[in-house]
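Participant: Before I ask anything, here is the structure I am working with.
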Amino acid sequence: MTMEQAGAALRSGQTTCVGLVQAALARVEELNPKLNAFITITGDQARARARELDIELAAGHDRGPLHGMPIAHKDLVCTKGIRTTSGSKLFADYVPDYDADVVKRLNAAGAISIGKLGLHELAYGVTSSNPHFGAVRNPWNPECIPGGSSGGSGAAVATGMVFMATGTDTGGSIRIPAAYCGTVGLKPTYGLVSRRGVRPLGFSLDHVGPLTRTVRDMELTMAAIADMREVAEPSTLRVGLPEGYYFDRIDPEVKEAVLRAARTVEVVPVKTPDIEALNTVGRVILLAEGSAALENQHARRDQFGPDVLALLDQGRLIPATDYVNAQRLRKQFVDEFRKLFQTIDILLTPTLPMVAPKIGQLTVELAGETVDTRLATTRFVRGINVLGLPALSIPCGFSKSGLPIGVQLIGRAFEDRLVMRFGARLEASMMVHRPGSVS
């Protein structure tokens, strides 16, 4: 069931807010022991909130499409009176006395949080194999990663534990779990969704956004958490399909699924700027900013997992000149992509070059090359954070092994509505067949 369908059932009297919450909590009780998607479950608070919202609805106070919808928050999004661990030993007992802006807006829209979701430690990684809270598992194959860093968000939405989950994306951390778990995930335009009350990692790269089951549910969520600009849709939408980089070193099944999706619309071939160089810019910026964000915690080395500690140590070795030059190159790339988007309205790419690898798998084979799993996973997504452009991942098929594949749609800054509208049309035209039932 989608959020839109649940809303229709709620308003027709077929269900109640309490009924929706009870069903969500039952699903969590059934699946969370297997998938480890939640760090904290707030069932009592959710039931109490649902009762209040049922009373409101009966009295004629309808807060809109999210009224009564069970959701959950990535556990670095501050929630008043509920611990917010950031997936870290450092903050395992941190209980904020305020809500993040995105939480306030979702509360005002009538959404009901049922808990806090697992993530890669401090949101600094792509596996969500957390050394402190345990590995989050992929709902299509629990031996595989769900992606990260918003892995709990991807798993919870894919399995219907919640209709929507918040995530953050610094180098792909919404789109990666969306693609690996078979959900919709949006990295909005930089700054469109407030980051206040969300633990930072990369100050100039962090984005807050949702994961949902459909693009329509994404549109409903974004209307609640962001003040989006209305964009006049052109009579003919120009969709660019990149040559070269995005289809080199890619799993053949992923390539075929994405090209099959592209064949459902009219596309034009385009040449993109140097994505490999753009990714290098993104890595330098994140290494420096990630270490800066946690500078006051560096002495507590025993509190970090080994992979995150290694990244923080690398970041402290980045010279200021490299960081400044990366920011200068960033400006250059923004200008180059602005020119590209004078010729197209949407850029269509694979979200990731492969399906979800196994938990603990450090390398993957792509086009006969052995590639580091983290670098391979972020190849097509990291650079878009540098640019700050909206990027939507939607499911476009499954591998023979039954794992989801995602297609990425990138648009101009603040044209998030246009990206979602096109995404909804593409979603409808593909009619992706889901093999069996997830978990």
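Chain labels A, B, ... are given in the sequence in which chains occur in the structure tokens; within each chain residues are numbered consecutively from 1, and ligands are likewise numbered from 1 in the order shown.
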Would you please extract all strand (DSSP E) residues from region 169-208 of chain A, as assigned by DSSP on the backbone, and give them as a ChimeraX atom specification?
Facilitator: /A:169,184-187,207-208
Participant: Please provide as a list in words all residues within 7 Å of Leu352 (chain A), with the sequence filter that same-chain residues fewer than 5 positions apart are discarded (counting only C-alpha atoms).
Facilitator: Thr377, Phe380 and Gly406 of chain A
Participant: Between CA of Arg105 (chain A) and CA of His73 (chain A), what is the distance in Å, rounded to a tenth?
Facilitator: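 Between CA of Arg105 (chain A) and CA of His73 (chain A) the gap is 12.7 Å.
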Participant: Please identify all polymer residues within 6 Å of region 137-140 of chain A, counting only C-alpha atoms, omitting same-chain residues fewer than 2 positions from it, and present them as a list in words.
Facilitator: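 Surrounding residues, per the criterion: Leu35, Pro142, Cys144, Ile145, Pro146, Ala155, Val438 and Ser439 of chain A.
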Participant: Could the residues in this selection be saved with N, CA and C atoms as a PDB file, in the first residue's frame?
Facilitator:
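Generated file (part_0.pdb):
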```
ATOM      1  N   LEU A  35      16.126  -7.700   9.814  1.00  0.00           N
ATOM      2  CA  LEU A  35      16.752  -6.663   8.982  1.00  0.00           C
ATOM      3  C   LEU A  35      17.506  -5.598   9.775  1.00  0.00           C
ATOM      4  N   PRO A 142      18.990 -10.703   2.747  1.00  0.00           N
ATOM      5  CA  PRO A 142      19.607 -10.243   3.995  1.00  0.00           C
ATOM      6  C   PRO A 142      21.114 -10.470   4.091  1.00  0.00           C
ATOM      7  N   CYS A 144      23.012  -9.276   1.842  1.00  0.00           N
ATOM      8  CA  CYS A 144      23.541  -8.120   1.118  1.00  0.00           C
ATOM      9  C   CYS A 144      23.343  -6.837   1.908  1.00  0.00           C
ATOM     10  N   ILE A 145      24.128  -5.821   1.556  1.00  0.00           N
ATOM     11  CA  ILE A 145      23.975  -4.514   2.200  1.00  0.00           C
ATOM     12  C   ILE A 145      22.723  -3.822   1.655  1.00  0.00           C
ATOM     13  N   PRO A 146      22.113  -2.933   2.454  1.00  0.00           N
ATOM     14  CA  PRO A 146      20.999  -2.135   1.958  1.00  0.00           C
ATOM     15  C   PRO A 146      21.476  -0.841   1.326  1.00  0.00           C
ATOM     16  N   ALA A 155      15.578   0.094   3.952  1.00  0.00           N
ATOM     17  CA  ALA A 155      14.993  -1.198   4.324  1.00  0.00           C
ATOM     18  C   ALA A 155      13.586  -1.032   4.881  1.00  0.00           C
ATOM     19  N   VAL A 438       8.963  -8.778  -1.034  1.00  0.00           N
ATOM     20  CA  VAL A 438      10.156  -8.384  -0.286  1.00  0.00           C
ATOM     21  C   VAL A 438       9.986  -8.799   1.172  1.00  0.00           C
ATOM     22  N   SER A 439      10.988  -9.526   1.688  1.00  0.00           N
ATOM     23  CA  SER A 439      11.041 -10.006   3.081  1.00  0.00           C
ATOM     24  C   SER A 439       9.688 -10.444   3.587  1.00  0.00           C
TER      25      SER A 439
END
```
Participant: Do a neighbour search on Arg417 (chain A) at 12 Å with only C-alpha atoms, toss out local chain neighbours closer than 4 positions, and write the hits as number ranges by chain.
Facilitator: A: 186, 188-189, 192, 215-216, 218-223, 226-233, 346, 390-392, 409-413, 421-424
Participant: Could you turn the residues from that selection into a file that holds C-alpha atoms, as a PDB file, in the first residue's frame?
Facilitator:
```
ATOM      1  CA  LEU A 186      15.306  12.108  -3.702  1.00  0.00           C
ATOM      2  CA  PRO A 188      16.687  17.632  -3.288  1.00  0.00           C
ATOM      3  CA  THR A 189      18.389  20.791  -4.479  1.00  0.00           C
ATOM      4  CA  LEU A 192      15.785  23.231  -0.285  1.00  0.00           C
ATOM      5  CA  VAL A 215       7.180   9.035  -6.837  1.00  0.00           C
ATOM      6  CA  ARG A 216       3.679  10.291  -5.995  1.00  0.00           C
ATOM      7  CA  MET A 218       7.647  11.558  -2.769  1.00  0.00           C
ATOM      8  CA  GLU A 219       5.745  14.530  -4.215  1.00  0.00           C
ATOM      9  CA  LEU A 220       3.341  14.537  -1.263  1.00  0.00           C
ATOM     10  CA  THR A 221       6.240  14.416   1.209  1.00  0.00           C
ATOM     11  CA  MET A 222       8.252  17.145  -0.477  1.00  0.00           C
ATOM     12  CA  ALA A 223       5.213  19.436  -0.489  1.00  0.00           C
ATOM     13  CA  ALA A 226       9.998  22.118   1.443  1.00  0.00           C
ATOM     14  CA  ASP A 227       8.795  25.313  -0.176  1.00  0.00           C
ATOM     15  CA  MET A 228       9.291  24.264  -3.758  1.00  0.00           C
ATOM     16  CA  ARG A 229       9.332  26.585  -6.708  1.00  0.00           C
ATOM     17  CA  GLU A 230       6.669  25.980  -9.336  1.00  0.00           C
ATOM     18  CA  VAL A 231       8.275  25.288 -12.703  1.00  0.00           C
ATOM     19  CA  ALA A 232       6.555  25.628 -16.058  1.00  0.00           C
ATOM     20  CA  GLU A 233       6.955  22.305 -17.819  1.00  0.00           C
ATOM     21  CA  ILE A 346      16.692  16.032 -17.421  1.00  0.00           C
ATOM     22  CA  PRO A 390      18.179  17.593  -7.531  1.00  0.00           C
ATOM     23  CA  ALA A 391      18.579  13.877  -8.234  1.00  0.00           C
ATOM     24  CA  LEU A 392      15.857  11.240  -8.011  1.00  0.00           C
ATOM     25  CA  LEU A 409      17.100  11.516 -12.938  1.00  0.00           C
ATOM     26  CA  ILE A 410      19.033  14.765 -12.491  1.00  0.00           C
ATOM     27  CA  GLY A 411      17.590  18.238 -13.076  1.00  0.00           C
ATOM     28  CA  ARG A 412      18.404  21.911 -12.776  1.00  0.00           C
ATOM     29  CA  ALA A 413      18.700  23.538  -9.363  1.00  0.00           C
ATOM     30  CA  ARG A 421       6.853  14.855 -12.518  1.00  0.00           C
ATOM     31  CA  PHE A 422       9.060  13.239 -15.112  1.00  0.00           C
ATOM     32  CA  GLY A 423       9.938  10.511 -12.609  1.00  0.00           C
ATOM     33  CA  ALA A 424       6.249   9.730 -12.091  1.00  0.00           C
TER      34      ALA A 424
END
```
Participant: Quick one: residues within 8 Å of region 296-311 of chain A, only C-alpha atoms, excluding same-chain residues fewer than 4 positions away - as a list in words?
Facilitator: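 Counting only the stated atoms, we get Ser88, Lys89, Leu90, Glu121, Tyr124, Gly125, Asn130, Pro131, His132, Leu287, Ser291 and Gly315 of chain A.
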Participant: Pick out the residues sitting within 12 Å of Phe341 (chain A), and hand them over as a CSV table (one decimal) with N, CA, C and O atoms, in the first residue's frame; count only C-alpha atoms, and ignore anything fewer than 6 positions along from it in its own chain.
Facilitator:
```
chain,number,residue,atom,x,y,z
A,237,LEU,N,9.8,17.7,-23.3
A,237,LEU,CA,10.9,17.6,-22.3
A,237,LEU,C,12.1,17.0,-22.9
A,237,LEU,O,12.0,15.9,-23.6
A,238,ARG,N,13.3,17.6,-22.8
A,238,ARG,CA,14.5,17.1,-23.4
A,238,ARG,C,15.2,16.3,-22.4
A,238,ARG,O,15.7,16.8,-21.4
A,239,VAL,N,15.3,15.0,-22.7
A,239,VAL,CA,16.0,14.1,-21.7
A,239,VAL,C,17.3,13.6,-22.3
A,239,VAL,O,17.4,13.1,-23.4
A,240,GLY,N,18.4,13.9,-21.6
A,240,GLY,CA,19.7,13.5,-22.1
A,240,GLY,C,20.2,12.2,-21.6
A,240,GLY,O,20.0,11.9,-20.4
A,270,VAL,N,24.1,12.8,-25.0
A,270,VAL,CA,24.9,14.0,-24.6
A,270,VAL,C,26.2,13.6,-24.0
A,270,VAL,O,26.4,12.5,-23.5
A,271,LYS,N,27.2,14.6,-24.1
A,271,LYS,CA,28.5,14.4,-23.4
A,271,LYS,C,28.4,15.2,-22.1
A,271,LYS,O,28.1,16.4,-22.1
A,272,THR,N,28.8,14.5,-21.0
A,272,THR,CA,28.9,15.2,-19.7
A,272,THR,C,30.3,15.7,-19.5
A,272,THR,O,31.2,15.2,-20.1
A,273,PRO,N,30.4,16.7,-18.6
A,273,PRO,CA,31.7,17.0,-18.1
A,273,PRO,C,32.5,15.8,-17.5
A,273,PRO,O,31.9,14.8,-17.3
A,334,VAL,N,30.1,23.5,-11.8
A,334,VAL,CA,28.8,24.1,-11.8
A,334,VAL,C,28.5,24.8,-13.1
A,334,VAL,O,27.4,24.7,-13.7
A,335,ASP,N,29.4,25.6,-13.5
A,335,ASP,CA,29.2,26.4,-14.8
A,335,ASP,C,29.1,25.4,-16.0
A,335,ASP,O,28.3,25.6,-16.9
A,347,LEU,N,18.8,14.8,-17.0
A,347,LEU,CA,19.8,13.9,-17.4
A,347,LEU,C,19.5,12.5,-16.8
A,347,LEU,O,19.2,12.4,-15.6
A,389,LEU,N,22.5,19.7,-7.4
A,389,LEU,CA,21.4,19.6,-8.2
A,389,LEU,C,20.4,18.5,-7.7
A,389,LEU,O,20.8,17.6,-7.0
A,410,ILE,N,18.4,13.6,-13.0
A,410,ILE,CA,19.0,14.8,-12.5
A,410,ILE,C,18.5,16.0,-13.2
A,410,ILE,O,18.3,15.9,-14.4
A,411,GLY,N,18.2,17.0,-12.5
A,411,GLY,CA,17.6,18.2,-13.1
A,411,GLY,C,18.3,19.5,-12.7
A,411,GLY,O,19.4,19.5,-12.0
A,412,ARG,N,17.8,20.6,-13.1
A,412,ARG,CA,18.4,21.9,-12.8
A,412,ARG,C,18.1,22.2,-11.3
A,412,ARG,O,17.1,21.8,-10.7
A,413,ALA,N,18.9,23.1,-10.7
A,413,ALA,CA,18.7,23.5,-9.4
A,413,ALA,C,17.3,24.1,-9.2
A,413,ALA,O,16.8,24.9,-10.0
A,415,GLU,N,14.5,22.8,-9.6
A,415,GLU,CA,13.5,22.3,-10.5
A,415,GLU,C,13.1,20.8,-10.0
A,415,GLU,O,12.8,19.9,-10.8
```
Participant: Which residues in region 167-251 of chain A does DSSP call helix (DSSP H, G or I)? List them as a list in words.
Facilitator: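 Those in region 167-251 of chain A that DSSP calls helix (DSSP H, G or I) are Arg175, Ile176, Pro177, Ala178, Ala179, Tyr180, Cys181, Val215, Arg216, Asp217, Met218, Glu219, Leu220, Thr221, Met222, Ala223, Ala224, Ile225, Tyr245, Tyr246 and Phe247 of chain A.
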Participant: Keeping only N, CA, C and O atoms, write the selected residues to a file as a PDB file, in the first residue's frame.
Facilitator:
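Result saved to part25.pdb:
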```pdb
ATOM      1  N   ARG A 175      20.191   8.081  -2.366  1.00  0.00           N
ATOM      2  CA  ARG A 175      19.997   7.387  -3.640  1.00  0.00           C
ATOM      3  C   ARG A 175      20.586   5.977  -3.633  1.00  0.00           C
ATOM      4  O   ARG A 175      20.043   5.076  -4.269  1.00  0.00           O
ATOM      5  N   ILE A 176      21.676   5.773  -2.893  1.00  0.00           N
ATOM      6  CA  ILE A 176      22.286   4.440  -2.834  1.00  0.00           C
ATOM      7  C   ILE A 176      21.331   3.423  -2.190  1.00  0.00           C
ATOM      8  O   ILE A 176      21.041   2.387  -2.796  1.00  0.00           O
ATOM      9  N   PRO A 177      20.820   3.683  -0.964  1.00  0.00           N
ATOM     10  CA  PRO A 177      19.869   2.715  -0.409  1.00  0.00           C
ATOM     11  C   PRO A 177      18.565   2.633  -1.196  1.00  0.00           C
ATOM     12  O   PRO A 177      17.936   1.567  -1.245  1.00  0.00           O
ATOM     13  N   ALA A 178      18.156   3.730  -1.829  1.00  0.00           N
ATOM     14  CA  ALA A 178      16.963   3.664  -2.677  1.00  0.00           C
ATOM     15  C   ALA A 178      17.172   2.659  -3.808  1.00  0.00           C
ATOM     16  O   ALA A 178      16.312   1.821  -4.085  1.00  0.00           O
ATOM     17  N   ALA A 179      18.337   2.724  -4.456  1.00  0.00           N
ATOM     18  CA  ALA A 179      18.615   1.810  -5.570  1.00  0.00           C
ATOM     19  C   ALA A 179      18.821   0.382  -5.088  1.00  0.00           C
ATOM     20  O   ALA A 179      18.293  -0.566  -5.684  1.00  0.00           O
ATOM     21  N   TYR A 180      19.572   0.186  -4.015  1.00  0.00           N
ATOM     22  CA  TYR A 180      19.850  -1.166  -3.523  1.00  0.00           C
ATOM     23  C   TYR A 180      18.617  -1.831  -2.906  1.00  0.00           C
ATOM     24  O   TYR A 180      18.520  -3.055  -2.884  1.00  0.00           O
ATOM     25  N   CYS A 181      17.681  -1.024  -2.371  1.00  0.00           N
ATOM     26  CA  CYS A 181      16.489  -1.591  -1.716  1.00  0.00           C
ATOM     27  C   CYS A 181      15.243  -1.523  -2.581  1.00  0.00           C
ATOM     28  O   CYS A 181      14.191  -2.046  -2.193  1.00  0.00           O
ATOM     29  N   VAL A 215       6.853   7.628  -6.581  1.00  0.00           N
ATOM     30  CA  VAL A 215       7.180   9.035  -6.837  1.00  0.00           C
ATOM     31  C   VAL A 215       6.043   9.931  -6.349  1.00  0.00           C
ATOM     32  O   VAL A 215       6.286  11.025  -5.826  1.00  0.00           O
ATOM     33  N   ARG A 216       4.804   9.487  -6.481  1.00  0.00           N
ATOM     34  CA  ARG A 216       3.679  10.291  -5.995  1.00  0.00           C
ATOM     35  C   ARG A 216       3.799  10.529  -4.490  1.00  0.00           C
ATOM     36  O   ARG A 216       3.583  11.644  -4.013  1.00  0.00           O
ATOM     37  N   ASP A 217       4.165   9.494  -3.735  1.00  0.00           N
ATOM     38  CA  ASP A 217       4.371   9.677  -2.299  1.00  0.00           C
ATOM     39  C   ASP A 217       5.528  10.641  -2.026  1.00  0.00           C
ATOM     40  O   ASP A 217       5.512  11.389  -1.046  1.00  0.00           O
ATOM     41  N   MET A 218       6.533  10.607  -2.898  1.00  0.00           N
ATOM     42  CA  MET A 218       7.647  11.558  -2.769  1.00  0.00           C
ATOM     43  C   MET A 218       7.145  12.987  -2.974  1.00  0.00           C
ATOM     44  O   MET A 218       7.516  13.901  -2.226  1.00  0.00           O
ATOM     45  N   GLU A 219       6.295  13.194  -3.959  1.00  0.00           N
ATOM     46  CA  GLU A 219       5.745  14.530  -4.215  1.00  0.00           C
ATOM     47  C   GLU A 219       4.946  15.026  -3.013  1.00  0.00           C
ATOM     48  O   GLU A 219       5.064  16.195  -2.621  1.00  0.00           O
ATOM     49  N   LEU A 220       4.148  14.153  -2.422  1.00  0.00           N
ATOM     50  CA  LEU A 220       3.341  14.537  -1.263  1.00  0.00           C
ATOM     51  C   LEU A 220       4.240  14.905  -0.077  1.00  0.00           C
ATOM     52  O   LEU A 220       3.970  15.863   0.654  1.00  0.00           O
ATOM     53  N   THR A 221       5.316  14.146   0.105  1.00  0.00           N
ATOM     54  CA  THR A 221       6.240  14.416   1.209  1.00  0.00           C
ATOM     55  C   THR A 221       6.985  15.724   1.000  1.00  0.00           C
ATOM     56  O   THR A 221       7.100  16.541   1.922  1.00  0.00           O
ATOM     57  N   MET A 222       7.489  15.930  -0.207  1.00  0.00           N
ATOM     58  CA  MET A 222       8.252  17.145  -0.477  1.00  0.00           C
ATOM     59  C   MET A 222       7.388  18.395  -0.328  1.00  0.00           C
ATOM     60  O   MET A 222       7.871  19.447   0.107  1.00  0.00           O
ATOM     61  N   ALA A 223       6.114  18.287  -0.662  1.00  0.00           N
ATOM     62  CA  ALA A 223       5.213  19.436  -0.489  1.00  0.00           C
ATOM     63  C   ALA A 223       5.102  19.819   0.984  1.00  0.00           C
ATOM     64  O   ALA A 223       4.864  20.992   1.312  1.00  0.00           O
ATOM     65  N   ALA A 224       5.290  18.846   1.882  1.00  0.00           N
ATOM     66  CA  ALA A 224       5.183  19.114   3.313  1.00  0.00           C
ATOM     67  C   ALA A 224       6.475  19.644   3.910  1.00  0.00           C
ATOM     68  O   ALA A 224       6.450  20.441   4.849  1.00  0.00           O
ATOM     69  N   ILE A 225       7.633  19.230   3.386  1.00  0.00           N
ATOM     70  CA  ILE A 225       8.898  19.571   4.055  1.00  0.00           C
ATOM     71  C   ILE A 225       9.690  20.663   3.357  1.00  0.00           C
ATOM     72  O   ILE A 225      10.711  21.106   3.883  1.00  0.00           O
ATOM     73  N   TYR A 245      31.135   7.651 -19.658  1.00  0.00           N
ATOM     74  CA  TYR A 245      31.410   7.318 -18.255  1.00  0.00           C
ATOM     75  C   TYR A 245      30.309   6.523 -17.571  1.00  0.00           C
ATOM     76  O   TYR A 245      30.573   5.519 -16.898  1.00  0.00           O
ATOM     77  N   TYR A 246      29.064   6.960 -17.703  1.00  0.00           N
ATOM     78  CA  TYR A 246      27.973   6.325 -16.952  1.00  0.00           C
ATOM     79  C   TYR A 246      27.655   4.911 -17.433  1.00  0.00           C
ATOM     80  O   TYR A 246      26.934   4.179 -16.756  1.00  0.00           O
ATOM     81  N   PHE A 247      28.182   4.515 -18.591  1.00  0.00           N
ATOM     82  CA  PHE A 247      27.926   3.159 -19.075  1.00  0.00           C
ATOM     83  C   PHE A 247      29.219   2.373 -19.274  1.00  0.00           C
ATOM     84  O   PHE A 247      29.220   1.306 -19.870  1.00  0.00           O
TER      85      PHE A 247
END
```
Participant: Find the distance between CA of Leu312 (chain A) and CA of Arg283 (chain A) and write it in Å to one decimal.
Facilitator: 12.2 Å
Participant: Using only C-alpha atoms, can you tell me which of A:Val77, A:Ala261, A:Leu403, A:Leu362 comes closest to Gly209 (chain A)?
Facilitator: A:Val77
Participant: Between CA of Gln327 (chain A) and CA of Val381 (chain A), what distance in Å does the model show, to one decimal?
Facilitator: 18.1 Å
Participant: May I ask which of the residues A:Pro234, A:Arg382, A:Val284, A:Val364 is the closest one to Leu418 (chain A), counting only C-alpha atoms?
Facilitator: A:Pro234
Participant: Pick out the residues sitting within 8 Å of region 94-96 of chain A, and hand them over as number ranges by chain; count only C-alpha atoms, and ignore anything fewer than 3 positions along from it in its own chain.
Facilitator: A: 78-85, 91, 99
Participant: Could you write those residues out with all heavy atoms, as a compact mmCIF listing (two decimals), in the first residue's frame?
Facilitator:
```txt
# COMPACT_ATOMS: atom_id res chain seq x y z
N CYS A 78 17.47 15.09 14.68
CA CYS A 78 17.13 15.29 16.08
C CYS A 78 15.63 15.21 16.32
O CYS A 78 14.83 15.80 15.60
CB CYS A 78 17.64 16.65 16.55
SG CYS A 78 19.42 16.66 16.82
N THR A 79 15.27 14.44 17.36
CA THR A 79 13.88 14.28 17.77
C THR A 79 13.79 14.56 19.26
O THR A 79 14.48 13.91 20.07
CB THR A 79 13.40 12.85 17.47
OG1 THR A 79 14.43 11.91 17.83
CG2 THR A 79 13.06 12.67 16.00
N LYS A 80 12.97 15.50 19.63
CA LYS A 80 12.87 15.96 21.02
C LYS A 80 12.49 14.81 21.95
O LYS A 80 11.48 14.13 21.75
CB LYS A 80 11.83 17.08 21.11
CG LYS A 80 11.74 17.71 22.49
CD LYS A 80 10.75 18.86 22.47
CE LYS A 80 10.66 19.52 23.84
NZ LYS A 80 9.72 20.67 23.83
N GLY A 81 13.31 14.61 22.98
CA GLY A 81 13.02 13.60 23.99
C GLY A 81 13.28 12.16 23.56
O GLY A 81 13.03 11.23 24.33
N ILE A 82 13.78 11.97 22.35
CA ILE A 82 14.06 10.62 21.84
C ILE A 82 15.52 10.58 21.41
O ILE A 82 15.99 11.44 20.67
CB ILE A 82 13.16 10.28 20.64
CG1 ILE A 82 11.69 10.33 21.05
CG2 ILE A 82 13.51 8.91 20.06
CD1 ILE A 82 10.73 10.36 19.88
N ARG A 83 16.24 9.57 21.88
CA ARG A 83 17.68 9.55 21.62
C ARG A 83 17.98 9.56 20.13
O ARG A 83 17.25 9.00 19.31
CB ARG A 83 18.34 8.36 22.30
CG ARG A 83 18.05 7.01 21.69
CD ARG A 83 18.93 5.94 22.33
NE ARG A 83 18.67 4.64 21.75
CZ ARG A 83 19.52 3.64 21.74
NH1 ARG A 83 20.70 3.79 22.32
NH2 ARG A 83 19.21 2.48 21.20
N THR A 84 19.07 10.22 19.82
CA THR A 84 19.50 10.41 18.44
C THR A 84 20.98 10.05 18.38
O THR A 84 21.84 10.87 18.67
CB THR A 84 19.25 11.87 17.99
OG1 THR A 84 17.84 12.15 18.12
CG2 THR A 84 19.68 12.10 16.57
N THR A 85 21.28 8.81 18.01
CA THR A 85 22.62 8.26 18.18
C THR A 85 23.60 8.62 17.07
O THR A 85 24.81 8.49 17.25
CB THR A 85 22.55 6.73 18.25
OG1 THR A 85 22.21 6.21 16.96
CG2 THR A 85 21.54 6.26 19.29
N PHE A 91 27.55 9.29 20.55
CA PHE A 91 26.26 9.94 20.81
C PHE A 91 25.17 8.92 21.17
O PHE A 91 23.99 9.19 21.01
CB PHE A 91 25.84 10.76 19.58
CG PHE A 91 26.92 11.70 19.10
CD1 PHE A 91 27.61 11.46 17.93
CD2 PHE A 91 27.26 12.82 19.86
CE1 PHE A 91 28.62 12.31 17.50
CE2 PHE A 91 28.26 13.68 19.43
CZ PHE A 91 28.95 13.43 18.26
N ASP A 99 13.32 19.42 18.20
CA ASP A 99 13.13 18.70 16.95
C ASP A 99 13.86 19.40 15.81
O ASP A 99 13.88 20.65 15.75
CB ASP A 99 11.64 18.63 16.58
CG ASP A 99 10.86 17.62 17.40
OD1 ASP A 99 11.44 16.56 17.74
OD2 ASP A 99 9.68 17.89 17.72
```
Participant: Using only C-alpha atoms for the distances, tell me which of A:Val198, A:Val386, A:Ile344, A:Val419 is nearest to Asp101 (chain A).
Facilitator: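 Looking only at the distances to Asp101 (chain A), the closest residue turns out to be A:Val198.
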Participant: Which one is closest to Lys358 (chain A): A:Val208, A:Val193, A:Leu106, A:Val136? Count only C-alpha atoms.
Facilitator: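 Of all the options, A:Val136 lies closest to Lys358 (chain A).
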